[in-house]
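Visitor: Have a look at this one.
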Amino acid sequence: MEPGEDPGALDLHGDEEIIEVVELGPPGPDDLAEEMEDVDFEDEGAEEPDAEAWESEDDEGVEDGMEAQDDSEVTFSLHSDSVFCVSLDPKTNTLAVTGGEDDKAFVWRVSDGELLFECSGHKDSVTCAGFSHDSVFVATGDMSGLIKVWRVDAKEEVWSFEVGDLEWMEWHPQAHVLLAGTADGNTWMWKIPSGDCKTFQGPACPATCGRILPDGKRAVVGYEDGTMRIWDLKQGTSLHVLKGQDGHQDPLTCVASNQDGSLIMTGSVDCHAKLINSATGKVVCVFKMESVTPKAPISEGEEAESNSVESLGFCNVMPLAAVGYLDGTLAIYDLSTQSLRHKCQHESGIVQLLWEESSAVVYTCSLDGAVRLWDARSGKMISEYRGHSAEILDFAVNKDASIVVTTSGDHQAKVFCVQRPDR
């Protein structure tokens, strides 16, 4: 915590064994009714685009229950199968890279959907794609473990490498260094384009998620066995390991850190989100979601409704964190009091969430094909954008929070203008 902050705020450097568990049960009908009353539908009307934007090219083939409306400004439709991932170039926010189940990745212009170049040569679904911190390079990775790096201005491949089955990939925040986690438990680090390589050997199970911390010197990696490790990238050593009761009971699904890297949050299939002091490696508190109990007894052969943490992140401007669950719950937690602040219910599972860089607005995309903006202070939905005829699988928000780029199972990527008049 910064000096001068609320004296009641968390002391992150204590050695207490902690742990406050916040129970969060499934939403009842009363909760949902209150949520609906909170939504200001009149505000939405004021933000609808003009009539032309509503003419959807994709009215044919809209799946049951999906809206035919299209609030998007640009549709990118060169993919021939589900589009799994999207990233915006950090320097200018004018280019997007998308990867899909068609074994293809494309770099294209956000303003008009114009193709810049294809990242060719992949032999499996492209599940990871991203630009380096300065937008000089773009990296694409497929499920089989083939990773390629392209120089954006020259539109040419400068490096490639093959690892085991790829789980995740991330660029270093300040250097031309690429990190990737694989199904054999290893985390790989390369200098680009020289290819100098280092590996960090985890347990003999997939390294399911990872994130380089803001100091650029450490990375946090989560594993399928429920453990989490904080690695020293220079020394190649493990600084902290969370396992057993301190770790998760099921595979990790996502990790995030706050802006200064002092706090880490991990999410898991076990429906817990753990807040961890990155300096000490100690669990500060556990945010616990109760699994939805089935309404009727489960017959033989049927499975209980599953739930898990799918995405999480920290607010930069307030001591808040958001956790998105597969059952459609967006939970806003107050880090100062370690308590649940708001519960925002979606009709279908949350795939990913992102915070705006400089406000307490959190974005969600879900299996119902909509992007929603939520005010984390009030818990109210600000607006909703539709246009996809299938679930949204990934999305990105640009720096000034004026556009959102989405990818979907409908084989398309779309660009939505979300800039609001009040900002």
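In the structure tokens, chains take the letters A, B, ... in the order shown, each chain's residues start at 1, and ligands count up from 1 in the order shown.
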Quick one: DSSP strand (DSSP E or B) residues in stretch 241-380 of chain A, as a count of residues only?

Guide: 70

Visitor: Kindly give the distance, in Å, that separates atom CA of A:Ser82 and atom CA of A:Thr406, rounded to a single decimal.

Guide: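 Answer for the atom CA of A:Ser82 to atom CA of A:Thr406 separation: 11.8 Å.
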
Visitor: Using only C-alpha atoms for the distances, tell me which of A:Leu166, A:Leu233, A:Leu367, A:Val241 is nearest to A:Gly202.

Guide: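 Once distances to A:Gly202 are computed over only C-alpha atoms, the minimum belongs to A:Val241.
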
Visitor: I need the residue nearest A:Lys155 from this list: A:Asp134, A:Asp394, A:Glu170, A:Glu118. Use only C-alpha atoms for the distance.

Guide: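 Of A:Asp134, A:Asp394, A:Glu170, A:Glu118, the one nearest A:Lys155, counting only C-alpha atoms, is A:Glu118.
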
Visitor: I'd like the contact shell of A:Ser257 - 12 Å cut-off, only C-alpha atoms, skipping same-chain residues fewer than 6 positions apart - returned as a list in words.

Guide: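 Selected residues are Gly210, Arg211, Ile212, Leu213, Pro214, Asp215, Arg218, Ala219, Val220, Val221, Ile230, Leu263, Ile264, Met265, Thr266, Gly267, Lys274, Leu275, Ile276, Asn277, Ser278, Leu312, Gly313, Phe314, Cys315, Asn316, Ala321 and Ala322 of chain A.
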
Visitor: Give me, as a PyMOL selection string, all polymer residues having an atom no more than 8 Å from A:Leu330, counting only C-alpha atoms and skipping those fewer than 6 positions away in the same chain.

Guide: chain A and resi 322-324+343-346+350

Visitor: May I have the residues within 9 Å of A:Leu115 as a PyMOL selection string, using only C-alpha atoms and disregarding those fewer than 5 positions away in the same chain?

Guide: chain A and resi 76+78+106-109

Visitor: Can I get the selection written as a CSV table (one decimal), in the first residue's frame, with N, CA, C and O atoms?

Guide:
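This went into selection16.csv:
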chain,number,residue,atom,x,y,z
A,76,PHE,N,-14.1,-7.8,-39.2
A,76,PHE,CA,-12.9,-8.5,-39.9
A,76,PHE,C,-13.3,-9.9,-40.1
A,76,PHE,O,-13.6,-10.6,-39.2
A,78,LEU,N,-11.8,-12.5,-42.4
A,78,LEU,CA,-10.9,-13.3,-43.2
A,78,LEU,C,-10.7,-14.7,-42.6
A,78,LEU,O,-10.2,-15.6,-43.3
A,106,PHE,N,-3.7,-13.1,-38.6
A,106,PHE,CA,-3.7,-11.9,-39.4
A,106,PHE,C,-3.4,-10.7,-38.6
A,106,PHE,O,-3.8,-10.5,-37.5
A,107,VAL,N,-2.6,-9.8,-39.2
A,107,VAL,CA,-2.4,-8.5,-38.7
A,107,VAL,C,-3.2,-7.5,-39.6
A,107,VAL,O,-3.0,-7.5,-40.8
A,108,TRP,N,-4.1,-6.7,-39.0
A,108,TRP,CA,-5.0,-5.9,-39.7
A,108,TRP,C,-5.2,-4.5,-39.1
A,108,TRP,O,-5.0,-4.4,-37.9
A,109,ARG,N,-5.7,-3.6,-39.9
A,109,ARG,CA,-6.0,-2.2,-39.4
A,109,ARG,C,-7.3,-2.2,-38.7
A,109,ARG,O,-8.3,-2.6,-39.2

Visitor: Counting only C-alpha atoms, which residue out of A:Leu179, A:Ala413, A:Gly164, A:Ser408 sits closest to A:Trp231?

Guide: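 The closest residue to A:Trp231 is A:Leu179.
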
Visitor: Extract, using only C-alpha atoms, all DNA, RNA and protein residues at most 9 Å from A:Met169, discarding same-chain residues fewer than 5 positions from it, and format them as a PDB file with N, CA and C atoms, in the first residue's frame.

Guide:
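The result, stored in part30.pdb:
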ATOM      1  N   CYS A 128      -2.515 -18.057 -29.360  1.00  0.00           N
ATOM      2  CA  CYS A 128      -1.828 -16.945 -28.700  1.00  0.00           C
ATOM      3  C   CYS A 128      -1.286 -15.992 -29.754  1.00  0.00           C
ATOM      4  N   ALA A 129      -1.453 -14.703 -29.527  1.00  0.00           N
ATOM      5  CA  ALA A 129      -0.913 -13.706 -30.456  1.00  0.00           C
ATOM      6  C   ALA A 129      -0.746 -12.393 -29.708  1.00  0.00           C
ATOM      7  N   GLY A 130       0.357 -11.686 -29.956  1.00  0.00           N
ATOM      8  CA  GLY A 130       0.551 -10.417 -29.262  1.00  0.00           C
ATOM      9  C   GLY A 130       1.716  -9.632 -29.828  1.00  0.00           C
ATOM     10  N   ALA A 139       4.107 -11.665 -32.231  1.00  0.00           N
ATOM     11  CA  ALA A 139       4.349 -13.100 -32.060  1.00  0.00           C
ATOM     12  C   ALA A 139       3.031 -13.847 -32.179  1.00  0.00           C
ATOM     13  N   THR A 140       3.076 -15.023 -32.811  1.00  0.00           N
ATOM     14  CA  THR A 140       1.889 -15.876 -32.926  1.00  0.00           C
ATOM     15  C   THR A 140       2.290 -17.292 -32.514  1.00  0.00           C
ATOM     16  N   GLY A 141       1.403 -17.954 -31.779  1.00  0.00           N
ATOM     17  CA  GLY A 141       1.714 -19.304 -31.314  1.00  0.00           C
ATOM     18  C   GLY A 141       0.534 -20.227 -31.518  1.00  0.00           C
ATOM     19  N   LEU A 178      10.293 -12.850 -24.958  1.00  0.00           N
ATOM     20  CA  LEU A 178       9.020 -13.559 -25.052  1.00  0.00           C
ATOM     21  C   LEU A 178       9.014 -14.705 -24.046  1.00  0.00           C
ATOM     22  N   LEU A 179       7.877 -14.861 -23.358  1.00  0.00           N
ATOM     23  CA  LEU A 179       7.722 -15.919 -22.370  1.00  0.00           C
ATOM     24  C   LEU A 179       6.569 -16.812 -22.813  1.00  0.00           C
ATOM     25  N   ALA A 180       6.689 -18.119 -22.602  1.00  0.00           N
ATOM     26  CA  ALA A 180       5.603 -19.036 -22.973  1.00  0.00           C
ATOM     27  C   ALA A 180       5.577 -20.216 -22.017  1.00  0.00           C
ATOM     28  N   GLY A 181       4.377 -20.706 -21.737  1.00  0.00           N
ATOM     29  CA  GLY A 181       4.213 -21.868 -20.870  1.00  0.00           C
ATOM     30  C   GLY A 181       3.683 -23.039 -21.675  1.00  0.00           C
ATOM     31  N   CYS A 209      -1.080 -20.950 -16.895  1.00  0.00           N
ATOM     32  CA  CYS A 209      -1.212 -19.503 -17.064  1.00  0.00           C
ATOM     33  C   CYS A 209       0.036 -18.824 -16.523  1.00  0.00           C
ATOM     34  N   GLY A 210       0.302 -17.618 -16.985  1.00  0.00           N
ATOM     35  CA  GLY A 210       1.493 -16.912 -16.518  1.00  0.00           C
ATOM     36  C   GLY A 210       1.412 -15.429 -16.809  1.00  0.00           C
ATOM     37  N   ARG A 211       2.204 -14.674 -16.063  1.00  0.00           N
ATOM     38  CA  ARG A 211       2.212 -13.220 -16.235  1.00  0.00           C
ATOM     39  C   ARG A 211       3.564 -12.696 -15.765  1.00  0.00           C
TER      40      ARG A 211
END

Visitor: Just how far from atom CA of A:Val309 is atom CA of A:Val415, in Å to one decimal?

Guide: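 Taking atom CA of A:Val415 as the start and atom CA of A:Val309 as the end point, the length is 26.4 Å.
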
Visitor: Out of A:Cys205, A:Leu88, A:Leu252, A:Val110, which residue has the shortest atom-to-atom distance to A:Ser72 when counting only C-alpha atoms?

Guide: A:Val110

Visitor: Near A:His342, counting only C-alpha atoms, which residues have an atom at most 7 Å away, once you skip same-chain residues fewer than 5 positions from it, shown as number ranges by chain?

Guide: A: 331-332, 379

Visitor: Just to be explicit: take each residue in the selection above, keep C-alpha atoms, and write the result as a PDB file, in the first residue's frame.

Guide:
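Produced file selection_14.pdb, reproduced below:
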ATOM      1  CA  ALA A 331     -17.689 -10.136  -8.452  1.00  0.00           C
ATOM      2  CA  ILE A 332     -16.131  -6.789  -7.469  1.00  0.00           C
ATOM      3  CA  GLY A 379     -22.101  -2.238  -9.618  1.00  0.00           C
TER       4      GLY A 379
END

Visitor: Using Å and a single decimal, report how far atom CA of A:Asn258 sits from atom CA of A:Gly226.

Guide: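 Separating atom CA of A:Gly226 from atom CA of A:Asn258 is a distance of 21.3 Å.
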
Visitor: Using only C-alpha atoms, which of the listed residues (A:Leu326, A:Ala401, A:Cys417, A:Val283) sits closest to A:Val362?

Guide: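 Between A:Leu326, A:Ala401, A:Cys417, A:Val283, the residue approaching A:Val362 most closely is A:Ala401.
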
Visitor: When distances are computed from only C-alpha atoms, which of A:Ala376, A:Ala204, A:Cys197, A:Ala360 shows the smallest separation from A:Tyr333?

Guide: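 Smallest distance to A:Tyr333 is found for A:Ala376.
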